[in-house]
Amino acid sequence: MAKLFDGMARLGTETAFEVLARAEELARSGQDIINLGIGQPDFKTPPHIVEAAVRALRDGHHGYTPAPGIPAIREAVAEDIAQWRGVEVDPSRVVVVPGGKVTMFFAIVMFGGPGVEIMYPNPGFPIYESVINFTGAKAVPIPLLEERDFSFDAESVLANITPATRLLILNTPANPTGGVVPKSEIEKLVAGLVDHPDVYVLSDEIYCRMLYDGREHASLLAYPEIADRVIMLDGWSKTYAMTGWRLGFAVWPGKLAELATRLAINCHSCVNAPTQHAGVAALKGPQDAVETMVSAFDKRRSVVVEGLNALPGVSCRVPGGAFYAFPNVTGTGLDARAFQNRVLEEAGVATVAGTSFGAFGEGYARFSYANSEANIRRALDRVGQLLADVKAT
């Protein structure tokens with residue numbers, strides 16, 4: 001076999017999909033599985049969005065589109081950013097791509113490479129570290145600690161910036177922890193970044209509409225001091241229950257938007273036309289389905305946190321956003337991977353080990369509450385019975 005690019009050996013995966021595959025295998029064998037592992041809303045895409053895609057197909061939108069997206073969707077994104085983030089952006093800076101991961105990949109590849117350092121949240125979405133390693137750059141973790149509700153200390157982050165640092169990745173609200181970085185820490189970070197003009201920021205804001213207890217989203221785009229260095233990632237998957245549609249976007253600094261478009265041309269040409277029309281309908285249409293979904297997640301959040309804290313050996317902070325809880329399971333006597341495997345194999349409940357999200361995830365597990373309240377309660381009962389047996393032995 002021909003020698004492959006060295007980076008292929010450094011490329012990781014997303015364990016949530018491995019857990020999903022094993023859960024489906026067990027389900028096919030007849031075992032009743034409750035899936036609290038996958039980060040996917042259990043709601044259907046709102047009908048008016050589906051109809052927009054169907055109408056686009058019927059109207060003949062079957063061909064290629066401009067690589068960064070049709071004008072209507074880029075304009076709709078700009079209008080949405082103005083409405084929800086209070087920031088005016090030129091549609092020419094918007095690049096529409098097939099899902100949020102594409103923006104991550106493009107941004108990290110742009111700035112990565114041997115001799116470069118890229119800072120990323122840990123525990124955090126596993127693709128960050130995977131692609132950083134793929135490029136040959138050094139992955140520098142930003143520890144997200146339980147005692148800080150899985151936020152970070154801005155001064156510590158700034159202190160770890162070196163002359164080799166080229167990119168800083170942030171994710172708030174966060175996967176897998178549900179943590180939300182307070183606006184005060186964001187402001188301290190922004191103030192400090194003014195002194196590091198060569199450091200760009202990839203701000204993953206995919207869960208920005210999923211905030212609880214009166215929290216408001218602090219977008220990195222809203223800070224003019226660093227706005228020319230911010231790549232803001234968002235999309236439709238979570239907010240509009242459109243995970244399978246594969247539709248995301250980013251706002252790039254003007255000088256990078258053209259490079260992102262070049263990467264898009266080389267990678268996927270363009271996002272399929274009817275999906276883009278659906279995306280326009282989602283942004284410009286009624287938002288009541290979003291509000292209903294987030295309200296349901298908020299209720300489930302209370303159920304899952306209360307239930308987890310009642311389990312033997314488990315404690316759980318209250319997540320401020322997204323639809324994940326990240327309980328500490330060290331009191332069970334099981335490490336993160338053993339907890340994940342036993343809960344799935346013996347209790348029929350799919351969760352994801354905290355170590356799937358980085359070394360700082362040891363001792364934790366991710367529970368997604370993007371499932372029905374009834375299923376969440378059933379799952380917690382099963383886990384409780386298993387942990388009682390573990391404790392007894």
# chains A, B, ... in the order shown; residues from 1 in each chain; ligands from 1
call {"tool": "residues_around", "arguments": {"residues": "region 77-83 of chain A", "least_positions_apart": "6", "cutoff": "12 Å", "atoms": "only C-alpha atoms", "output": "PyMOL selection string"}}
result
chain A and resi 69-71+89-96+205+208-209+217+219-222+232-236+248-252+276+279-285+287
call {"tool": "closest_atom_pairs", "arguments": {"of": "region 275-360 of chain A", "to": "region 128-149 of chain A", "cutoff": "8 Å", "atoms": "only C-alpha atoms", "output": "JSON lines"}}
result
{"residue": "A:Arg317", "atom": "CA", "partner": "A:Asp149", "partner_atom": "CA", "distance": 6.7}
{"residue": "A:Val318", "atom": "CA", "partner": "A:Asp149", "partner_atom": "CA", "distance": 7.9}
{"residue": "A:Pro319", "atom": "CA", "partner": "A:Asp149", "partner_atom": "CA", "distance": 7.6}
{"residue": "A:Phe360", "atom": "CA", "partner": "A:Pro143", "partner_atom": "CA", "distance": 6.7}
call {"tool": "atom_distance", "arguments": {"atom1": "CA of Ala310 (chain A)", "atom2": "CA of Asn171 (chain A)"}}
result
29.0 Å
call {"tool": "residues_around", "arguments": {"residues": "Ala56 (chain A)", "least_positions_apart": "4", "cutoff": "10 Å", "atoms": "only C-alpha atoms", "output": "number ranges by chain"}}
result
A: 51-52, 60-62, 273-278
call {"tool": "write_last_selection", "arguments": {"atoms": "all heavy atoms", "output": "mmCIF file, in the first residue's frame"}}
result
data_model
loop_
_atom_site.group_PDB
_atom_site.id
_atom_site.type_symbol
_atom_site.label_atom_id
_atom_site.label_comp_id
_atom_site.auth_asym_id
_atom_site.auth_seq_id
_atom_site.Cartn_x
_atom_site.Cartn_y
_atom_site.Cartn_z
ATOM 1 N N GLU A 51 -41.511 22.189 3.656
ATOM 2 C CA GLU A 51 -42.268 22.579 2.465
ATOM 3 C C GLU A 51 -41.441 23.495 1.567
ATOM 4 O O GLU A 51 -41.542 23.427 0.334
ATOM 5 C CB GLU A 51 -43.564 23.279 2.873
ATOM 6 C CG GLU A 51 -44.447 23.721 1.705
ATOM 7 C CD GLU A 51 -44.800 22.588 0.742
ATOM 8 O OE1 GLU A 51 -44.969 21.437 1.194
ATOM 9 O OE2 GLU A 51 -44.890 22.853 -0.481
ATOM 10 N N ALA A 52 -40.599 24.340 2.156
ATOM 11 C CA ALA A 52 -39.763 25.230 1.348
ATOM 12 C C ALA A 52 -38.791 24.432 0.484
ATOM 13 O O ALA A 52 -38.529 24.788 -0.673
ATOM 14 C CB ALA A 52 -39.000 26.189 2.254
ATOM 15 N N GLY A 60 -37.746 23.669 -9.709
ATOM 16 C CA GLY A 60 -36.618 23.445 -10.604
ATOM 17 C C GLY A 60 -35.257 23.838 -10.088
ATOM 18 O O GLY A 60 -34.312 23.968 -10.874
ATOM 19 N N HIS A 61 -35.118 24.022 -8.776
ATOM 20 C CA HIS A 61 -33.809 24.369 -8.206
ATOM 21 C C HIS A 61 -32.999 23.092 -8.015
ATOM 22 O O HIS A 61 -32.854 22.571 -6.908
ATOM 23 C CB HIS A 61 -33.984 25.118 -6.884
ATOM 24 C CG HIS A 61 -34.650 26.446 -7.036
ATOM 25 N ND1 HIS A 61 -33.997 27.551 -7.563
ATOM 26 C CD2 HIS A 61 -35.924 26.853 -6.761
ATOM 27 C CE1 HIS A 61 -34.829 28.580 -7.595
ATOM 28 N NE2 HIS A 61 -36.006 28.178 -7.106
ATOM 29 N N HIS A 62 -32.468 22.593 -9.128
ATOM 30 C CA HIS A 62 -31.796 21.293 -9.133
ATOM 31 C C HIS A 62 -30.303 21.388 -9.429
ATOM 32 O O HIS A 62 -29.614 20.368 -9.434
ATOM 33 C CB HIS A 62 -32.423 20.385 -10.209
ATOM 34 C CG HIS A 62 -33.886 20.182 -10.054
ATOM 35 N ND1 HIS A 62 -34.686 19.765 -11.101
ATOM 36 C CD2 HIS A 62 -34.719 20.326 -8.991
ATOM 37 C CE1 HIS A 62 -35.937 19.663 -10.687
ATOM 38 N NE2 HIS A 62 -35.982 20.009 -9.412
ATOM 39 N N ALA A 273 -29.101 22.829 -3.421
ATOM 40 C CA ALA A 273 -29.981 23.983 -3.590
ATOM 41 C C ALA A 273 -31.240 23.948 -2.719
ATOM 42 O O ALA A 273 -31.551 24.932 -2.041
ATOM 43 C CB ALA A 273 -30.342 24.138 -5.063
ATOM 44 N N PRO A 274 -32.032 22.845 -2.710
ATOM 45 C CA PRO A 274 -33.259 22.880 -1.921
ATOM 46 C C PRO A 274 -33.026 23.066 -0.430
ATOM 47 O O PRO A 274 -33.845 23.703 0.256
ATOM 48 C CB PRO A 274 -33.928 21.528 -2.227
ATOM 49 C CG PRO A 274 -32.856 20.679 -2.815
ATOM 50 C CD PRO A 274 -31.915 21.609 -3.496
ATOM 51 N N THR A 275 -31.917 22.533 0.077
ATOM 52 C CA THR A 275 -31.618 22.724 1.491
ATOM 53 C C THR A 275 -31.366 24.192 1.801
ATOM 54 O O THR A 275 -31.760 24.695 2.862
ATOM 55 C CB THR A 275 -30.413 21.863 1.900
ATOM 56 O OG1 THR A 275 -30.801 20.489 1.899
ATOM 57 C CG2 THR A 275 -29.911 22.225 3.280
ATOM 58 N N GLN A 276 -30.726 24.894 0.876
ATOM 59 C CA GLN A 276 -30.507 26.325 1.103
ATOM 60 C C GLN A 276 -31.829 27.085 1.155
ATOM 61 O O GLN A 276 -32.002 27.994 1.979
ATOM 62 C CB GLN A 276 -29.605 26.892 0.013
ATOM 63 C CG GLN A 276 -28.185 26.347 0.066
ATOM 64 C CD GLN A 276 -27.275 27.062 -0.910
ATOM 65 O OE1 GLN A 276 -27.125 28.294 -0.851
ATOM 66 N NE2 GLN A 276 -26.668 26.321 -1.821
ATOM 67 N N HIS A 277 -32.759 26.721 0.302
ATOM 68 C CA HIS A 277 -34.072 27.374 0.349
ATOM 69 C C HIS A 277 -34.793 27.059 1.657
ATOM 70 O O HIS A 277 -35.499 27.918 2.210
ATOM 71 C CB HIS A 277 -34.900 26.951 -0.869
ATOM 72 C CG HIS A 277 -34.443 27.580 -2.147
ATOM 73 N ND1 HIS A 277 -34.857 28.820 -2.563
ATOM 74 C CD2 HIS A 277 -33.576 27.144 -3.104
ATOM 75 C CE1 HIS A 277 -34.280 29.132 -3.714
ATOM 76 N NE2 HIS A 277 -33.500 28.124 -4.069
ATOM 77 N N ALA A 278 -34.608 25.852 2.162
ATOM 78 C CA ALA A 278 -35.165 25.510 3.470
ATOM 79 C C ALA A 278 -34.528 26.366 4.559
ATOM 80 O O ALA A 278 -35.201 26.813 5.500
ATOM 81 C CB ALA A 278 -34.939 24.021 3.758
#
call {"tool": "residues_around", "arguments": {"residues": "Tyr240 (chain A)", "least_positions_apart": "2", "cutoff": "7 Å", "atoms": "only C-alpha atoms", "output": "JSON, numbers by chain"}}
result
{"A": [45, 236, 237, 238, 242, 290]}
call {"tool": "closest_residue", "arguments": {"among": "A:Ala359, A:Ile206, A:Ala322, A:Ala350", "to": "Ile38 (chain A)", "atoms": "only C-alpha atoms"}}
result
A:Ala350
call {"tool": "select_by_dssp", "arguments": {"residues": "region 66-268 of chain A", "states": "helix (DSSP H, G or I)", "output": "PyMOL selection string"}}
result
chain A and resi 71-85+91-93+100-111+126-135+146-148+154-159+183-193+220-222+227-229+243-245+254-267
call {"tool": "decode", "arguments": {"residues": "region 190-219 of chain A", "atoms": "N, CA, C and O atoms", "output": "PDB file, in the first residue's frame"}}
result
ATOM      1  N   VAL A 190     -11.579  39.261  25.597  1.00  0.00           N
ATOM      2  CA  VAL A 190     -11.497  40.190  24.468  1.00  0.00           C
ATOM      3  C   VAL A 190     -10.486  41.295  24.761  1.00  0.00           C
ATOM      4  O   VAL A 190      -9.647  41.638  23.907  1.00  0.00           O
ATOM      5  N   ALA A 191     -10.540  41.857  25.961  1.00  0.00           N
ATOM      6  CA  ALA A 191      -9.613  42.929  26.318  1.00  0.00           C
ATOM      7  C   ALA A 191      -8.166  42.458  26.223  1.00  0.00           C
ATOM      8  O   ALA A 191      -7.289  43.185  25.749  1.00  0.00           O
ATOM      9  N   GLY A 192      -7.918  41.211  26.666  1.00  0.00           N
ATOM     10  CA  GLY A 192      -6.567  40.674  26.603  1.00  0.00           C
ATOM     11  C   GLY A 192      -6.123  40.344  25.204  1.00  0.00           C
ATOM     12  O   GLY A 192      -4.934  40.483  24.860  1.00  0.00           O
ATOM     13  N   LEU A 193      -7.055  39.925  24.347  1.00  0.00           N
ATOM     14  CA  LEU A 193      -6.707  39.556  22.972  1.00  0.00           C
ATOM     15  C   LEU A 193      -6.278  40.761  22.140  1.00  0.00           C
ATOM     16  O   LEU A 193      -5.621  40.604  21.107  1.00  0.00           O
ATOM     17  N   VAL A 194      -6.645  41.952  22.593  1.00  0.00           N
ATOM     18  CA  VAL A 194      -6.204  43.154  21.894  1.00  0.00           C
ATOM     19  C   VAL A 194      -4.675  43.200  21.836  1.00  0.00           C
ATOM     20  O   VAL A 194      -4.087  43.694  20.869  1.00  0.00           O
ATOM     21  N   ASP A 195      -4.030  42.639  22.854  1.00  0.00           N
ATOM     22  CA  ASP A 195      -2.566  42.641  22.906  1.00  0.00           C
ATOM     23  C   ASP A 195      -1.947  41.478  22.131  1.00  0.00           C
ATOM     24  O   ASP A 195      -0.718  41.311  22.141  1.00  0.00           O
ATOM     25  N   HIS A 196      -2.783  40.662  21.484  1.00  0.00           N
ATOM     26  CA  HIS A 196      -2.293  39.525  20.703  1.00  0.00           C
ATOM     27  C   HIS A 196      -2.901  39.601  19.297  1.00  0.00           C
ATOM     28  O   HIS A 196      -3.745  38.792  18.926  1.00  0.00           O
ATOM     29  N   PRO A 197      -2.468  40.559  18.496  1.00  0.00           N
ATOM     30  CA  PRO A 197      -3.131  40.818  17.209  1.00  0.00           C
ATOM     31  C   PRO A 197      -2.998  39.712  16.176  1.00  0.00           C
ATOM     32  O   PRO A 197      -3.717  39.726  15.181  1.00  0.00           O
ATOM     33  N   ASP A 198      -2.101  38.747  16.410  1.00  0.00           N
ATOM     34  CA  ASP A 198      -1.938  37.658  15.449  1.00  0.00           C
ATOM     35  C   ASP A 198      -2.773  36.429  15.790  1.00  0.00           C
ATOM     36  O   ASP A 198      -2.729  35.436  15.058  1.00  0.00           O
ATOM     37  N   VAL A 199      -3.522  36.499  16.890  1.00  0.00           N
ATOM     38  CA  VAL A 199      -4.337  35.355  17.311  1.00  0.00           C
ATOM     39  C   VAL A 199      -5.771  35.553  16.824  1.00  0.00           C
ATOM     40  O   VAL A 199      -6.434  36.532  17.175  1.00  0.00           O
ATOM     41  N   TYR A 200      -6.244  34.612  16.013  1.00  0.00           N
ATOM     42  CA  TYR A 200      -7.625  34.629  15.539  1.00  0.00           C
ATOM     43  C   TYR A 200      -8.478  33.759  16.466  1.00  0.00           C
ATOM     44  O   TYR A 200      -7.955  32.949  17.246  1.00  0.00           O
ATOM     45  N   VAL A 201      -9.798  33.942  16.380  1.00  0.00           N
ATOM     46  CA  VAL A 201     -10.729  33.205  17.244  1.00  0.00           C
ATOM     47  C   VAL A 201     -11.781  32.516  16.392  1.00  0.00           C
ATOM     48  O   VAL A 201     -12.418  33.162  15.546  1.00  0.00           O
ATOM     49  N   LEU A 202     -11.936  31.213  16.600  1.00  0.00           N
ATOM     50  CA  LEU A 202     -13.069  30.475  16.040  1.00  0.00           C
ATOM     51  C   LEU A 202     -14.109  30.356  17.146  1.00  0.00           C
ATOM     52  O   LEU A 202     -13.895  29.653  18.136  1.00  0.00           O
ATOM     53  N   SER A 203     -15.205  31.076  17.003  1.00  0.00           N
ATOM     54  CA  SER A 203     -16.253  31.100  18.016  1.00  0.00           C
ATOM     55  C   SER A 203     -17.405  30.207  17.572  1.00  0.00           C
ATOM     56  O   SER A 203     -18.182  30.573  16.687  1.00  0.00           O
ATOM     57  N   ASP A 204     -17.498  29.037  18.187  1.00  0.00           N
ATOM     58  CA  ASP A 204     -18.539  28.060  17.853  1.00  0.00           C
ATOM     59  C   ASP A 204     -19.780  28.398  18.670  1.00  0.00           C
ATOM     60  O   ASP A 204     -19.849  28.130  19.869  1.00  0.00           O
ATOM     61  N   GLU A 205     -20.772  28.980  17.992  1.00  0.00           N
ATOM     62  CA  GLU A 205     -21.975  29.467  18.670  1.00  0.00           C
ATOM     63  C   GLU A 205     -23.219  28.692  18.226  1.00  0.00           C
ATOM     64  O   GLU A 205     -24.330  29.219  18.198  1.00  0.00           O
ATOM     65  N   ILE A 206     -23.025  27.410  17.906  1.00  0.00           N
ATOM     66  CA  ILE A 206     -24.106  26.600  17.341  1.00  0.00           C
ATOM     67  C   ILE A 206     -25.283  26.437  18.299  1.00  0.00           C
ATOM     68  O   ILE A 206     -26.414  26.206  17.865  1.00  0.00           O
ATOM     69  N   TYR A 207     -25.048  26.576  19.616  1.00  0.00           N
ATOM     70  CA  TYR A 207     -26.125  26.408  20.603  1.00  0.00           C
ATOM     71  C   TYR A 207     -26.614  27.745  21.160  1.00  0.00           C
ATOM     72  O   TYR A 207     -27.225  27.782  22.231  1.00  0.00           O
ATOM     73  N   CYS A 208     -26.365  28.848  20.446  1.00  0.00           N
ATOM     74  CA  CYS A 208     -26.601  30.166  21.024  1.00  0.00           C
ATOM     75  C   CYS A 208     -28.060  30.453  21.364  1.00  0.00           C
ATOM     76  O   CYS A 208     -28.340  31.301  22.210  1.00  0.00           O
ATOM     77  N   ARG A 209     -28.997  29.763  20.727  1.00  0.00           N
ATOM     78  CA  ARG A 209     -30.414  30.001  21.018  1.00  0.00           C
ATOM     79  C   ARG A 209     -30.912  29.126  22.177  1.00  0.00           C
ATOM     80  O   ARG A 209     -32.077  29.245  22.588  1.00  0.00           O
ATOM     81  N   MET A 210     -30.033  28.250  22.680  1.00  0.00           N
ATOM     82  CA  MET A 210     -30.430  27.317  23.741  1.00  0.00           C
ATOM     83  C   MET A 210     -29.783  27.730  25.047  1.00  0.00           C
ATOM     84  O   MET A 210     -28.793  27.151  25.499  1.00  0.00           O
ATOM     85  N   LEU A 211     -30.358  28.763  25.672  1.00  0.00           N
ATOM     86  CA  LEU A 211     -29.882  29.296  26.937  1.00  0.00           C
ATOM     87  C   LEU A 211     -31.026  29.314  27.941  1.00  0.00           C
ATOM     88  O   LEU A 211     -32.190  29.499  27.564  1.00  0.00           O
ATOM     89  N   TYR A 212     -30.680  29.153  29.227  1.00  0.00           N
ATOM     90  CA  TYR A 212     -31.708  29.010  30.253  1.00  0.00           C
ATOM     91  C   TYR A 212     -31.468  29.997  31.402  1.00  0.00           C
ATOM     92  O   TYR A 212     -30.397  30.583  31.531  1.00  0.00           O
ATOM     93  N   ASP A 213     -32.498  30.134  32.229  1.00  0.00           N
ATOM     94  CA  ASP A 213     -32.434  30.959  33.438  1.00  0.00           C
ATOM     95  C   ASP A 213     -32.101  32.417  33.133  1.00  0.00           C
ATOM     96  O   ASP A 213     -31.402  33.091  33.895  1.00  0.00           O
ATOM     97  N   GLY A 214     -32.611  32.899  32.001  1.00  0.00           N
ATOM     98  CA  GLY A 214     -32.444  34.310  31.679  1.00  0.00           C
ATOM     99  C   GLY A 214     -31.092  34.693  31.120  1.00  0.00           C
ATOM    100  O   GLY A 214     -30.802  35.889  30.946  1.00  0.00           O
ATOM    101  N   ARG A 215     -30.244  33.722  30.826  1.00  0.00           N
ATOM    102  CA  ARG A 215     -28.930  34.037  30.270  1.00  0.00           C
ATOM    103  C   ARG A 215     -29.071  34.631  28.866  1.00  0.00           C
ATOM    104  O   ARG A 215     -29.966  34.264  28.125  1.00  0.00           O
ATOM    105  N   GLU A 216     -28.144  35.527  28.534  1.00  0.00           N
ATOM    106  CA  GLU A 216     -28.107  36.117  27.207  1.00  0.00           C
ATOM    107  C   GLU A 216     -26.800  35.734  26.529  1.00  0.00           C
ATOM    108  O   GLU A 216     -25.751  35.633  27.175  1.00  0.00           O
ATOM    109  N   HIS A 217     -26.870  35.528  25.233  1.00  0.00           N
ATOM    110  CA  HIS A 217     -25.691  35.101  24.501  1.00  0.00           C
ATOM    111  C   HIS A 217     -24.755  36.282  24.235  1.00  0.00           C
ATOM    112  O   HIS A 217     -25.194  37.347  23.803  1.00  0.00           O
ATOM    113  N   ALA A 218     -23.465  36.079  24.532  1.00  0.00           N
ATOM    114  CA  ALA A 218     -22.449  37.089  24.263  1.00  0.00           C
ATOM    115  C   ALA A 218     -21.639  36.636  23.054  1.00  0.00           C
ATOM    116  O   ALA A 218     -20.712  35.826  23.188  1.00  0.00           O
ATOM    117  N   SER A 219     -21.992  37.107  21.888  1.00  0.00           N
ATOM    118  CA  SER A 219     -21.305  36.701  20.667  1.00  0.00           C
ATOM    119  C   SER A 219     -19.983  37.428  20.523  1.00  0.00           C
ATOM    120  O   SER A 219     -19.889  38.645  20.763  1.00  0.00           O
TER     121      SER A 219
END
